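Everything below belongs to start_5.cif, which stores mmCIF, C-alpha atoms and all ligand atoms.
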data_input
#
loop_
_atom_site.group_PDB
_atom_site.id
_atom_site.type_symbol
_atom_site.label_atom_id
_atom_site.label_comp_id
_atom_site.auth_asym_id
_atom_site.auth_seq_id
_atom_site.Cartn_x
_atom_site.Cartn_y
_atom_site.Cartn_z
ATOM 1 C CA MET H 1 -4.610 56.192 22.964
ATOM 2 C CA ASN H 2 -5.281 52.827 24.526
ATOM 3 C CA PRO H 3 -7.350 53.220 27.682
ATOM 4 C CA ALA H 4 -6.575 50.681 30.375
ATOM 5 C CA THR H 5 -9.479 48.273 30.582
ATOM 6 C CA SER H 6 -8.513 46.316 33.683
ATOM 7 C CA PRO H 7 -9.903 47.544 37.015
ATOM 8 C CA PRO H 8 -7.449 49.441 39.216
ATOM 9 C CA ALA H 9 -5.323 47.272 41.502
ATOM 10 C CA ASN H 10 -6.370 49.123 44.638
ATOM 11 C CA ALA H 11 -10.132 49.175 45.152
ATOM 12 C CA ASP H 12 -9.986 52.758 46.381
ATOM 13 C CA GLU H 13 -8.037 54.146 43.465
ATOM 14 C CA ASP H 14 -9.638 55.722 40.407
ATOM 15 C CA ARG H 15 -13.178 55.108 41.492
ATOM 16 C CA LEU H 16 -16.531 56.810 41.570
ATOM 17 C CA GLN H 17 -18.936 55.720 44.265
ATOM 18 C CA ARG H 18 -22.460 56.867 44.952
ATOM 19 C CA PHE H 19 -24.198 56.730 48.310
ATOM 20 C CA LEU H 20 -27.635 57.367 49.729
ATOM 21 C CA PHE H 21 -28.802 58.480 53.165
ATOM 22 C CA GLU H 22 -31.477 55.853 53.531
ATOM 23 C CA GLU H 23 -33.688 57.737 55.982
ATOM 24 C CA LEU H 24 -33.323 61.090 54.248
ATOM 25 C CA ASP H 25 -33.934 62.456 50.778
ATOM 26 C CA ILE H 26 -30.247 63.100 50.279
ATOM 27 C CA ARG H 27 -27.712 61.427 48.038
ATOM 28 C CA GLY H 28 -24.014 61.763 47.508
ATOM 29 C CA ALA H 29 -20.971 60.619 45.608
ATOM 30 C CA LEU H 30 -17.276 60.185 46.230
ATOM 31 C CA ALA H 31 -14.639 60.356 43.527
ATOM 32 C CA ARG H 32 -10.957 59.556 43.779
ATOM 33 C CA LEU H 33 -8.649 59.977 40.829
ATOM 34 C CA ASP H 34 -5.164 58.508 40.880
ATOM 35 C CA SER H 35 -3.735 57.314 37.572
ATOM 36 C CA ALA H 36 -6.716 58.911 35.762
ATOM 37 C CA TRP H 37 -5.581 62.299 37.083
ATOM 38 C CA ALA H 38 -1.852 61.554 36.870
ATOM 39 C CA SER H 39 -2.279 60.813 33.143
ATOM 40 C CA VAL H 40 -4.125 64.060 32.429
ATOM 41 C CA ARG H 41 -1.571 65.917 34.537
ATOM 42 C CA SER H 42 1.454 64.474 32.794
ATOM 43 C CA ALA H 43 -0.081 65.001 29.346
ATOM 44 C CA HIS H 44 -0.020 68.768 29.901
ATOM 45 C CA ARG H 45 2.294 69.871 32.734
ATOM 46 C CA TYR H 46 0.431 73.118 33.360
ATOM 47 C CA PRO H 47 1.648 75.632 35.945
ATOM 48 C CA GLU H 48 0.585 74.685 39.485
ATOM 49 C CA PRO H 49 -2.494 76.973 39.899
ATOM 50 C CA VAL H 50 -3.900 75.774 36.547
ATOM 51 C CA GLU H 51 -3.132 72.147 37.345
ATOM 52 C CA ARG H 52 -4.978 72.340 40.646
ATOM 53 C CA LEU H 53 -8.037 73.892 39.015
ATOM 54 C CA LEU H 54 -8.050 71.276 36.253
ATOM 55 C CA GLY H 55 -7.710 68.430 38.795
ATOM 56 C CA GLU H 56 -10.632 69.815 40.775
ATOM 57 C CA LEU H 57 -12.761 70.326 37.683
ATOM 58 C CA LEU H 58 -12.018 66.815 36.438
ATOM 59 C CA THR H 59 -13.004 65.353 39.813
ATOM 60 C CA ALA H 60 -16.138 67.497 39.972
ATOM 61 C CA THR H 61 -17.112 66.381 36.465
ATOM 62 C CA ALA H 62 -16.884 62.722 37.525
ATOM 63 C CA LEU H 63 -19.080 63.543 40.535
ATOM 64 C CA LEU H 64 -21.648 65.257 38.307
ATOM 65 C CA ALA H 65 -21.568 62.316 35.890
ATOM 66 C CA SER H 66 -22.587 60.066 38.794
ATOM 67 C CA ILE H 67 -25.864 61.958 39.304
ATOM 68 C CA VAL H 68 -26.786 62.699 35.693
ATOM 69 C CA LYS H 69 -29.855 60.723 34.656
ATOM 70 C CA VAL H 70 -28.816 59.925 31.109
ATOM 71 C CA GLN H 71 -25.907 57.891 29.812
ATOM 72 C CA GLY H 72 -23.497 59.884 27.675
ATOM 73 C CA THR H 73 -20.856 62.569 27.919
ATOM 74 C CA ILE H 74 -20.848 65.444 30.370
ATOM 75 C CA THR H 75 -18.587 68.397 29.680
ATOM 76 C CA VAL H 76 -17.941 71.138 32.211
ATOM 77 C CA GLN H 77 -16.184 74.242 31.031
ATOM 78 C CA ALA H 78 -15.240 77.419 32.864
ATOM 79 C CA THR H 79 -14.159 80.374 30.744
ATOM 80 C CA GLY H 80 -13.100 83.849 31.776
ATOM 81 C CA ASP H 81 -11.290 87.061 30.922
ATOM 82 C CA GLY H 82 -8.382 86.387 33.335
ATOM 83 C CA PRO H 83 -4.887 84.904 32.862
ATOM 84 C CA LEU H 84 -6.473 81.462 32.478
ATOM 85 C CA ALA H 85 -8.796 81.633 29.465
ATOM 86 C CA ALA H 86 -10.549 78.291 29.927
ATOM 87 C CA VAL H 87 -10.498 75.001 31.760
ATOM 88 C CA MET H 88 -12.530 72.048 30.527
ATOM 89 C CA ALA H 89 -13.205 68.512 31.735
ATOM 90 C CA GLU H 90 -15.211 65.729 30.209
ATOM 91 C CA CYS H 91 -16.548 62.431 31.541
ATOM 92 C CA ARG H 92 -17.918 59.798 29.192
ATOM 93 C CA ASP H 93 -20.025 56.850 30.341
ATOM 94 C CA ARG H 94 -19.314 57.774 33.979
ATOM 95 C CA SER H 95 -15.837 56.320 33.550
ATOM 96 C CA GLN H 96 -13.661 57.951 30.887
ATOM 97 C CA LEU H 97 -12.116 61.279 31.754
ATOM 98 C CA ARG H 98 -10.140 63.855 29.846
ATOM 99 C CA GLY H 99 -9.404 67.529 30.426
ATOM 100 C CA ILE H 100 -7.582 70.555 29.122
ATOM 101 C CA ALA H 101 -6.798 74.179 29.978
ATOM 102 C CA ARG H 102 -6.039 77.228 27.853
ATOM 103 C CA ILE H 103 -3.714 79.835 29.309
ATOM 104 C CA ARG H 104 -3.958 83.452 28.180
ATOM 105 C CA ASP H 105 -1.171 85.005 30.258
ATOM 106 C CA ALA H 106 1.175 82.579 32.048
ATOM 107 C CA GLU H 107 3.019 85.327 33.934
ATOM 108 C CA ALA H 108 -0.132 86.659 35.589
ATOM 109 C CA LEU H 109 -1.247 83.242 36.888
ATOM 110 C CA GLU H 110 0.186 83.652 40.390
ATOM 111 C CA ALA H 111 -1.796 86.838 41.004
ATOM 112 C CA ALA H 112 -5.126 85.353 42.117
ATOM 113 C CA PRO H 113 -6.046 82.152 43.959
ATOM 114 C CA GLY H 114 -8.553 79.491 42.891
ATOM 115 C CA THR H 115 -10.962 80.463 40.142
ATOM 116 C CA GLY H 116 -9.643 84.046 40.434
ATOM 117 C CA ILE H 117 -7.198 83.218 37.632
ATOM 118 C CA LEU H 118 -10.199 82.848 35.319
ATOM 119 C CA GLY H 119 -11.423 86.355 36.097
ATOM 120 C CA LYS H 120 -15.013 87.164 35.192
ATOM 121 C CA GLY H 121 -16.631 84.395 33.225
ATOM 122 C CA LEU H 122 -19.100 81.599 32.758
ATOM 123 C CA VAL H 123 -19.578 77.975 33.699
ATOM 124 C CA THR H 124 -21.116 75.825 30.987
ATOM 125 C CA ILE H 125 -22.343 72.282 31.537
ATOM 126 C CA THR H 126 -23.155 70.286 28.431
ATOM 127 C CA ILE H 127 -24.692 66.819 28.460
ATOM 128 C CA ARG H 128 -24.678 64.761 25.271
ATOM 129 C CA PRO H 129 -26.819 61.665 25.692
ATOM 130 C CA GLU H 130 -25.492 58.545 23.958
ATOM 131 C CA LEU H 131 -27.103 55.151 23.770
ATOM 132 C CA GLY H 132 -25.158 52.723 21.625
ATOM 133 C CA ASP H 133 -24.777 54.488 18.285
ATOM 134 C CA ARG H 134 -27.626 56.886 18.980
ATOM 135 C CA ILE H 135 -26.657 60.374 20.023
ATOM 136 C CA GLY H 136 -29.461 62.421 21.572
ATOM 137 C CA GLU H 137 -30.059 66.167 21.621
ATOM 138 C CA PRO H 138 -27.468 67.908 23.780
ATOM 139 C CA TYR H 139 -28.592 69.769 26.874
ATOM 140 C CA GLN H 140 -26.696 72.875 27.966
ATOM 141 C CA GLY H 141 -26.826 75.023 31.099
ATOM 142 C CA ILE H 142 -24.839 78.244 31.523
ATOM 143 C CA VAL H 143 -24.392 80.345 34.660
ATOM 144 C CA PRO H 144 -21.991 83.141 35.654
ATOM 145 C CA LEU H 145 -18.746 81.953 37.257
ATOM 146 C CA ASP H 146 -19.368 82.819 40.912
ATOM 147 C CA GLY H 147 -17.379 82.085 44.046
ATOM 148 C CA SER H 148 -13.673 81.586 44.530
ATOM 149 C CA SER H 149 -13.395 77.864 43.817
ATOM 150 C CA ILE H 150 -14.599 75.281 41.316
ATOM 151 C CA ALA H 151 -16.745 73.776 44.090
ATOM 152 C CA GLU H 152 -18.483 77.106 44.774
ATOM 153 C CA ALA H 153 -18.940 77.807 41.077
ATOM 154 C CA LEU H 154 -20.688 74.460 40.576
ATOM 155 C CA GLU H 155 -22.772 74.859 43.729
ATOM 156 C CA GLY H 156 -23.881 78.170 42.207
ATOM 157 C CA TYR H 157 -24.786 76.339 39.020
ATOM 158 C CA PHE H 158 -27.090 73.945 40.864
ATOM 159 C CA ALA H 159 -28.657 76.732 42.903
ATOM 160 C CA GLN H 160 -29.393 78.903 39.859
ATOM 161 C CA SER H 161 -29.942 76.497 37.031
ATOM 162 C CA GLU H 162 -31.409 73.412 38.709
ATOM 163 C CA GLN H 163 -32.613 74.799 42.037
ATOM 164 C CA ILE H 164 -31.408 71.677 43.816
ATOM 165 C CA PRO H 165 -29.421 72.191 47.052
ATOM 166 C CA THR H 166 -25.950 70.794 46.294
ATOM 167 C CA ARG H 167 -22.588 70.985 48.027
ATOM 168 C CA ILE H 168 -19.219 69.919 46.656
ATOM 169 C CA TRP H 169 -15.821 69.405 48.320
ATOM 170 C CA LEU H 170 -12.679 68.990 46.196
ATOM 171 C CA SER H 171 -8.987 68.521 46.808
ATOM 172 C CA THR H 172 -6.124 68.102 44.347
ATOM 173 C CA GLU H 173 -2.561 67.511 45.481
ATOM 174 C CA GLY H 174 0.182 66.008 43.353
ATOM 175 C CA ASP H 175 -0.994 62.906 41.520
ATOM 176 C CA ARG H 176 -4.203 62.514 43.480
ATOM 177 C CA SER H 177 -7.476 64.363 43.262
ATOM 178 C CA ALA H 178 -10.604 63.599 45.258
ATOM 179 C CA GLY H 179 -14.023 64.976 45.901
ATOM 180 C CA MET H 180 -17.400 64.545 47.516
ATOM 181 C CA LEU H 181 -20.826 65.707 46.455
ATOM 182 C CA ILE H 182 -23.927 65.929 48.645
ATOM 183 C CA GLN H 183 -27.238 66.733 47.042
ATOM 184 C CA ALA H 184 -30.870 66.919 48.098
ATOM 185 C CA LEU H 185 -32.776 64.397 45.994
ATOM 186 C CA PRO H 186 -34.670 66.146 43.214
ATOM 187 C CA PRO H 187 -38.440 66.101 44.031
ATOM 188 C CA GLU H 188 -39.157 63.364 41.458
ATOM 189 C CA LEU H 189 -36.664 61.033 43.179
ATOM 190 C CA ALA H 190 -37.594 61.810 46.789
ATOM 191 C CA HIS H 191 -39.002 58.744 48.519
ATOM 192 C CA HIS H 192 -39.819 60.101 51.957
ATOM 193 C CA ASP H 193 -42.896 62.144 52.602
ATOM 194 C CA HIS H 194 -40.943 64.756 54.542
ATOM 195 C CA GLY H 195 -42.121 68.344 54.371
ATOM 196 C CA GLU H 196 -40.059 71.164 52.901
ATOM 197 C CA ARG H 197 -38.870 72.337 56.338
ATOM 198 C CA ARG H 198 -37.705 68.896 57.425
ATOM 199 C CA ARG H 199 -35.894 68.442 54.093
ATOM 200 C CA GLU H 200 -34.064 71.726 54.594
ATOM 201 C CA GLU H 201 -33.109 70.829 58.177
ATOM 202 C CA ASP H 202 -31.814 67.420 57.121
ATOM 203 C CA PHE H 203 -29.739 68.915 54.332
ATOM 204 C CA GLY H 204 -28.368 71.559 56.705
ATOM 205 C CA ARG H 205 -27.356 68.950 59.299
ATOM 206 C CA ILE H 206 -25.705 66.607 56.768
ATOM 207 C CA THR H 207 -23.734 69.366 55.057
ATOM 208 C CA LEU H 208 -22.630 70.761 58.425
ATOM 209 C CA LEU H 209 -21.185 67.326 59.226
ATOM 210 C CA ALA H 210 -19.692 67.023 55.736
ATOM 211 C CA ASP H 211 -18.032 70.428 56.167
ATOM 212 C CA THR H 212 -15.801 68.948 58.884
ATOM 213 C CA VAL H 213 -13.962 66.905 56.234
ATOM 214 C CA SER H 214 -10.310 67.838 55.795
ATOM 215 C CA GLU H 215 -8.601 67.823 52.420
ATOM 216 C CA THR H 216 -6.264 65.067 53.651
ATOM 217 C CA GLU H 217 -9.207 62.884 54.685
ATOM 218 C CA LEU H 218 -10.923 63.511 51.376
ATOM 219 C CA ARG H 219 -7.854 62.395 49.434
ATOM 220 C CA ASN H 220 -6.700 59.538 51.623
ATOM 221 C CA LEU H 221 -9.501 57.841 53.579
ATOM 222 C CA PRO H 222 -11.207 54.849 51.941
ATOM 223 C CA GLY H 223 -14.817 55.702 51.034
ATOM 224 C CA GLU H 224 -16.474 53.645 53.736
ATOM 225 C CA ARG H 225 -14.239 55.012 56.478
ATOM 226 C CA LEU H 226 -14.703 58.563 55.290
ATOM 227 C CA LEU H 227 -18.493 58.278 55.396
ATOM 228 C CA SER H 228 -18.584 56.608 58.809
ATOM 229 C CA ARG H 229 -16.211 59.254 60.163
ATOM 230 C CA LEU H 230 -18.441 62.077 58.871
ATOM 231 C CA PHE H 231 -21.922 60.596 59.315
ATOM 232 C CA PHE H 232 -21.589 57.961 62.027
ATOM 233 C CA GLU H 233 -25.184 58.428 63.250
ATOM 234 C CA GLU H 234 -26.750 58.170 59.816
ATOM 235 C CA THR H 235 -27.657 55.113 57.772
ATOM 236 C CA VAL H 236 -25.641 55.431 54.604
ATOM 237 C CA ALA H 237 -25.940 52.896 51.780
ATOM 238 C CA LEU H 238 -22.801 52.836 49.692
ATOM 239 C CA GLN H 239 -23.186 51.615 46.130
ATOM 240 C CA ARG H 240 -20.711 49.527 44.167
ATOM 241 C CA PRO H 241 -17.800 51.652 42.991
ATOM 242 C CA GLN H 242 -17.254 52.305 39.321
ATOM 243 C CA SER H 243 -13.742 52.637 37.930
ATOM 244 C CA LEU H 244 -12.464 55.837 36.356
ATOM 245 C CA GLU H 245 -9.723 56.126 33.760
ATOM 246 C CA PHE H 246 -8.099 58.648 31.488
ATOM 247 C CA ALA H 247 -9.337 58.008 27.958
ATOM 248 C CA CYS H 248 -9.596 60.187 24.923
ATOM 249 C CA SER H 249 -12.386 59.968 22.378
ATOM 250 C CA CYS H 250 -10.231 61.247 19.522
ATOM 251 C CA SER H 251 -9.774 58.989 16.488
ATOM 252 C CA ARG H 252 -8.575 59.079 12.907
ATOM 253 C CA ASP H 253 -12.227 59.150 11.802
ATOM 254 C CA ARG H 254 -13.049 62.193 13.921
ATOM 255 C CA THR H 255 -9.915 63.948 12.714
ATOM 256 C CA ARG H 256 -10.982 63.196 9.148
ATOM 257 C CA GLU H 257 -14.317 64.919 9.895
ATOM 258 C CA ALA H 258 -12.409 68.009 11.014
ATOM 259 C CA LEU H 259 -10.388 68.004 7.773
ATOM 260 C CA ARG H 260 -13.575 67.654 5.766
ATOM 261 C CA ALA H 261 -14.842 70.899 7.309
ATOM 262 C CA MET H 262 -11.757 72.802 6.085
ATOM 263 C CA PRO H 263 -11.555 74.242 2.553
ATOM 264 C CA LEU H 264 -9.651 71.966 0.152
ATOM 265 C CA THR H 265 -7.494 74.858 -1.102
ATOM 266 C CA GLU H 266 -6.286 75.540 2.443
ATOM 267 C CA LEU H 267 -5.362 71.866 2.905
ATOM 268 C CA GLU H 268 -3.536 71.819 -0.432
ATOM 269 C CA ASP H 269 -1.494 74.849 0.630
ATOM 270 C CA ILE H 270 -0.372 72.976 3.757
ATOM 271 C CA LEU H 271 0.441 69.883 1.676
ATOM 272 C CA ASP H 272 2.526 71.992 -0.737
ATOM 273 C CA GLU H 273 4.417 73.508 2.134
ATOM 274 C CA GLN H 274 4.825 70.543 4.485
ATOM 275 C CA GLY H 275 4.189 67.441 2.385
ATOM 276 C CA GLU H 276 1.582 66.162 4.864
ATOM 277 C CA ILE H 277 -1.076 67.359 7.275
ATOM 278 C CA ARG H 278 -0.268 66.631 10.876
ATOM 279 C CA MET H 279 -3.138 66.909 13.396
ATOM 280 C CA GLU H 280 -2.356 66.543 17.079
ATOM 281 C CA CYS H 281 -5.067 65.867 19.660
ATOM 282 C CA GLN H 282 -4.906 68.553 22.337
ATOM 283 C CA PHE H 283 -6.119 66.169 25.030
ATOM 284 C CA CYS H 284 -3.876 63.129 24.603
ATOM 285 C CA HIS H 285 -1.266 64.287 22.046
ATOM 286 C CA SER H 286 -2.062 61.477 19.621
ATOM 287 C CA VAL H 287 -0.864 62.496 16.160
ATOM 288 C CA TYR H 288 -2.858 61.809 12.984
ATOM 289 C CA ARG H 289 -1.082 62.250 9.654
ATOM 290 C CA PHE H 290 -2.741 62.738 6.263
ATOM 291 C CA ASP H 291 -0.988 62.788 2.888
ATOM 292 C CA ARG H 292 -2.244 64.055 -0.476
ATOM 293 C CA VAL H 293 -4.122 60.816 -1.239
ATOM 294 C CA ASP H 294 -5.850 60.851 2.169
ATOM 295 C CA VAL H 295 -6.930 64.470 1.738
ATOM 296 C CA ALA H 296 -8.282 63.806 -1.742
ATOM 297 C CA ALA H 297 -10.289 60.867 -0.372
ATOM 298 C CA VAL H 298 -11.657 62.920 2.532
ATOM 299 C CA HIS H 299 -12.908 65.660 0.235
ATOM 300 C CA ALA H 300 -14.133 63.273 -2.455
ATOM 301 C CA ALA H 301 -16.263 61.525 0.189
ATOM 302 C CA ALA H 302 -17.662 64.921 1.172
ATOM 303 C CA ALA H 303 -19.067 65.495 -2.328
ATOM 304 C CA PRO H 304 -21.951 63.070 -2.959
ATOM 305 C CA GLY H 305 -21.792 61.215 -6.283
ATOM 306 C CA ASP H 306 -18.164 62.121 -6.727
ATOM 307 C CA ASP H 307 -16.475 59.354 -4.778
ATOM 308 C CA GLN H 308 -14.377 57.729 -7.489
ATOM 309 C CA VAL H 309 -11.147 59.271 -6.183
ATOM 310 C CA HIS H 310 -10.202 56.578 -3.622
HETATM 311 ZN ZN ZN G 401 -7.001 62.385 21.949
#

Hey, can you dump this file as structure tokens for me?
Amino acid sequence: MNPATSPPANADEDRLQRFLFEELDIRGALARLDSAWASVRSAHRYPEPVERLLGELLTATALLASIVKVQGTITVQATGDGPLAAVMAECRDRSQLRGIARIRDAEALEAAPGTGILGKGLVTITIRPELGDRIGEPYQGIVPLDGSSIAEALEGYFAQSEQIPTRIWLSTEGDRSAGMLIQALPPELAHHDHGERRREEDFGRITLLADTVSETELRNLPGERLLSRLFFEETVALQRPQSLEFACSCSRDRTREALRAMPLTELEDILDEQGEIRMECQFCHSVYRFDRVDVAAVHAAAAPGDDQVH
């Protein structure tokens, strides 16, 4: 997997952009995924209802990454007892996205709209801080999967787990997925001395305006035009956009770690039967192959003081 490193040709494609209502304690973010989403989409070719949910979750995860305080990886997973068992999206360094879904019963997928295909379940948000080579303690929040859409489920997460008023709008259609997040600034970031009532009124007014956004506008209007169309009376400071791309964090080293965790006898059985061990990444379909010598080296390295078998 070689992630594209050059910025997207069109400034509005594959970008994450934060904004701030300068006179209010409210912030927001816009995300638009083009080739980042098209790559995830074409890697899997899920049935339409699953694809839409994955596109929305991927976009929402980028939006959440934009407001997370720490640098690292944010993973959002929704699991349930319905025809769709799980849908998961990950954003690393606010720029690298990957996602996956697990279908339990493909034939029953058409039965329920939106998150209904997940049935009863949970939303889990995991944040793994990373700074250079240092990986911090992960933080995890879990709430019941409420509402009929990914946006509602995540709004529920913020209401229950963080107690920060948050609204999210998402739209996925074909090879494009887009979204907007509006959030009251957490108390420690608030810079206006507005009382609780004023803060609530401001948030109510802004989200009422934001609610007039159509899915077509969300997907197609350039960020600046979208914000001036929705909030023309407000002073909105738009930050520099950040580019988004599809990139997978799998590697031969990480795959080796997975092999190390498996019993040697089990690996030898596979080698006897197939001549090699073939591991395919579920996210990007990269294939890692290990022969008998590789496997011996992996397990020799696992036993300290017994590393002569290289
Ligand atoms: Zn991969």

| Using all atoms listed in the file, which of the listed residues (H:Phe246, H:Phe158, H:Tyr139, H:Trp37) sits closest to ligand ZN 401 (chain G)? | H:Phe246

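For the structure shown here, the set of residues caught by the PyMOL selection byres (((chain H and resi 271) around 12) and not hetatm) is Leu264, Thr265, Glu266, Leu267, Glu268, Asp269, Ile270, Asp272, Glu273, Gln274, Gly275, Glu276, Ile277, Arg278, Arg289, Phe290, Asp291, Arg292, Val293, Asp294, Val295 and Ala296 of chain H.
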
| request: Check every protein, DNA and RNA residue against ligand ZN 401 (chain G), keep those with an atom at most 9 Å away (counting only C-alpha atoms and all ligand atoms), and present them as a list in words. | output: Met1, Arg98, Ala247, Cys248, Ser249, Cys250, Ser251, Glu280, Cys281, Gln282, Phe283, Cys284, His285, Ser286 and Val287 of chain H

Using all atoms listed in the file, find each residue of stretch 109-145 of chain H with at least one atom at most 8 Å away from an atom of stretch 73-92 of chain H; report its shortest atom-to-atom pair and that distance in Å (one decimal), sort the rows by chain and rising residue number, and return the result as CSV.
residue,atom,partner,partner_atom,distance
H:Leu109,CA,H:Pro83,CA,5.7
H:Gly116,CA,H:Gly82,CA,7.6
H:Ile117,CA,H:Gly82,CA,5.5
H:Leu118,CA,H:Gly82,CA,4.4
H:Gly119,CA,H:Gly82,CA,4.1
H:Lys120,CA,H:Gly80,CA,5.1
H:Gly121,CA,H:Gly80,CA,3.9
H:Leu122,CA,H:Thr79,CA,5.5
H:Val123,CA,H:Ala78,CA,4.5
H:Thr124,CA,H:Gln77,CA,5.2
H:Ile125,CA,H:Val76,CA,4.6
H:Thr126,CA,H:Thr75,CA,5.1
H:Ile127,CA,H:Ile74,CA,4.5
H:Arg128,CA,H:Thr73,CA,5.1
H:Pro129,CA,H:Thr73,CA,6.4
H:Glu130,CA,H:Thr73,CA,7.3
H:Leu145,CA,H:Ala78,CA,7.2

As a check of understanding, name the residues that the PyMOL selection byres (((chain H and resi 257) around 12) and not hetatm) selects in the supplied structure, as an mmCIF file with C-alpha atoms, in the frame of the given file.
data_model
loop_
_atom_site.group_PDB
_atom_site.id
_atom_site.type_symbol
_atom_site.label_atom_id
_atom_site.label_comp_id
_atom_site.auth_asym_id
_atom_site.auth_seq_id
_atom_site.Cartn_x
_atom_site.Cartn_y
_atom_site.Cartn_z
ATOM 1 C CA CYS H 250 -10.231 61.247 19.522
ATOM 2 C CA SER H 251 -9.774 58.989 16.488
ATOM 3 C CA ARG H 252 -8.575 59.079 12.907
ATOM 4 C CA ASP H 253 -12.227 59.150 11.802
ATOM 5 C CA ARG H 254 -13.049 62.193 13.921
ATOM 6 C CA THR H 255 -9.915 63.948 12.714
ATOM 7 C CA ARG H 256 -10.982 63.196 9.148
ATOM 8 C CA ALA H 258 -12.409 68.009 11.014
ATOM 9 C CA LEU H 259 -10.388 68.004 7.773
ATOM 10 C CA ARG H 260 -13.575 67.654 5.766
ATOM 11 C CA ALA H 261 -14.842 70.899 7.309
ATOM 12 C CA MET H 262 -11.757 72.802 6.085
ATOM 13 C CA MET H 279 -3.138 66.909 13.396
ATOM 14 C CA VAL H 295 -6.930 64.470 1.738
ATOM 15 C CA ALA H 297 -10.289 60.867 -0.372
ATOM 16 C CA VAL H 298 -11.657 62.920 2.532
ATOM 17 C CA HIS H 299 -12.908 65.660 0.235
ATOM 18 C CA ALA H 301 -16.263 61.525 0.189
ATOM 19 C CA ALA H 302 -17.662 64.921 1.172
#

| task | Would you kindly translate the PyMOL selection byres (((chain H and resi 240) around 8) and not hetatm) into the concrete residues it picks from this file, as a list of chain:residue names? | result | H:Gln17, H:Arg18, H:Leu238, H:Gln239, H:Pro241, H:Gln242

Selection to disk with C-alpha atoms, as a PDB file, in the coordinates of the input:
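Dumped to result.pdb:
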ATOM      1  CA  GLN H  17     -18.936  55.720  44.265  1.00  0.00           C
ATOM      2  CA  ARG H  18     -22.460  56.867  44.952  1.00  0.00           C
ATOM      3  CA  LEU H 238     -22.801  52.836  49.692  1.00  0.00           C
ATOM      4  CA  GLN H 239     -23.186  51.615  46.130  1.00  0.00           C
ATOM      5  CA  PRO H 241     -17.800  51.652  42.991  1.00  0.00           C
ATOM      6  CA  GLN H 242     -17.254  52.305  39.321  1.00  0.00           C
TER       7      GLN H 242
END

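From atom CA of H:Leu154 back to atom CA of H:Ser35, the distance works out to 24.3 Å.
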
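In this structure, atom CA of H:Ile182 sits 9.2 Å away from atom CA of H:Phe19.
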
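Interatomic distance, atom CA of H:Ser42 against atom CA of H:Leu54: 12.2 Å.
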
| note | Nearest to H:Gly28, restricted to only C-alpha atoms and choosing among H:Ile135, H:Ser66, H:Ser214, H:Gln140, comes out as H:Ser66

| request: Could you give me, as a ChimeraX atom specification, the residues within 12 Å of H:Ala151, counting only C-alpha atoms and dropping anything in the same chain fewer than 3 positions from it? | output: /H:53-61,63-64,78,114-115,123,145-148,154-158,166-171,178-182

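Of the residues listed (H:Ser177, H:Ser39, H:Glu13, H:Ser161), H:Ser177 shows the shortest atom-to-atom separation from H:Glu215; distances use all atoms listed in the file.
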
| Neighbour list for stretch 194-200 of chain H as a PyMOL selection string, cut-off 9 Å, only C-alpha atoms, skip fewer than 4 positions in-chain | chain H and resi 24-26+165+184+190+204-205

| query | If we count all atoms listed in the file, what is near H:Phe231 at a cut-off of 8 Å, once residues fewer than 4 positions away on the same chain are taken out, given as an MDAnalysis selection string? | reply | chainID H and resid 206 209:210 227 236

Using the selection just defined, write its residues with C-alpha atoms as a short mmCIF file (atom, residue, chain, number, x, y, z; two decimals), in the coordinates of the input.
data_model
loop_
_atom_site.label_atom_id
_atom_site.label_comp_id
_atom_site.auth_asym_id
_atom_site.auth_seq_id
_atom_site.Cartn_x
_atom_site.Cartn_y
_atom_site.Cartn_z
CA ILE H 206 -25.70 66.61 56.77
CA LEU H 209 -21.18 67.33 59.23
CA ALA H 210 -19.69 67.02 55.74
CA LEU H 227 -18.49 58.28 55.40
CA VAL H 236 -25.64 55.43 54.60
#

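Of the listed residues (H:Gly136, H:Gln163, H:Ala43, H:Val68), H:Ala43 comes nearest to H:Ala101; the distances count all atoms listed in the file.
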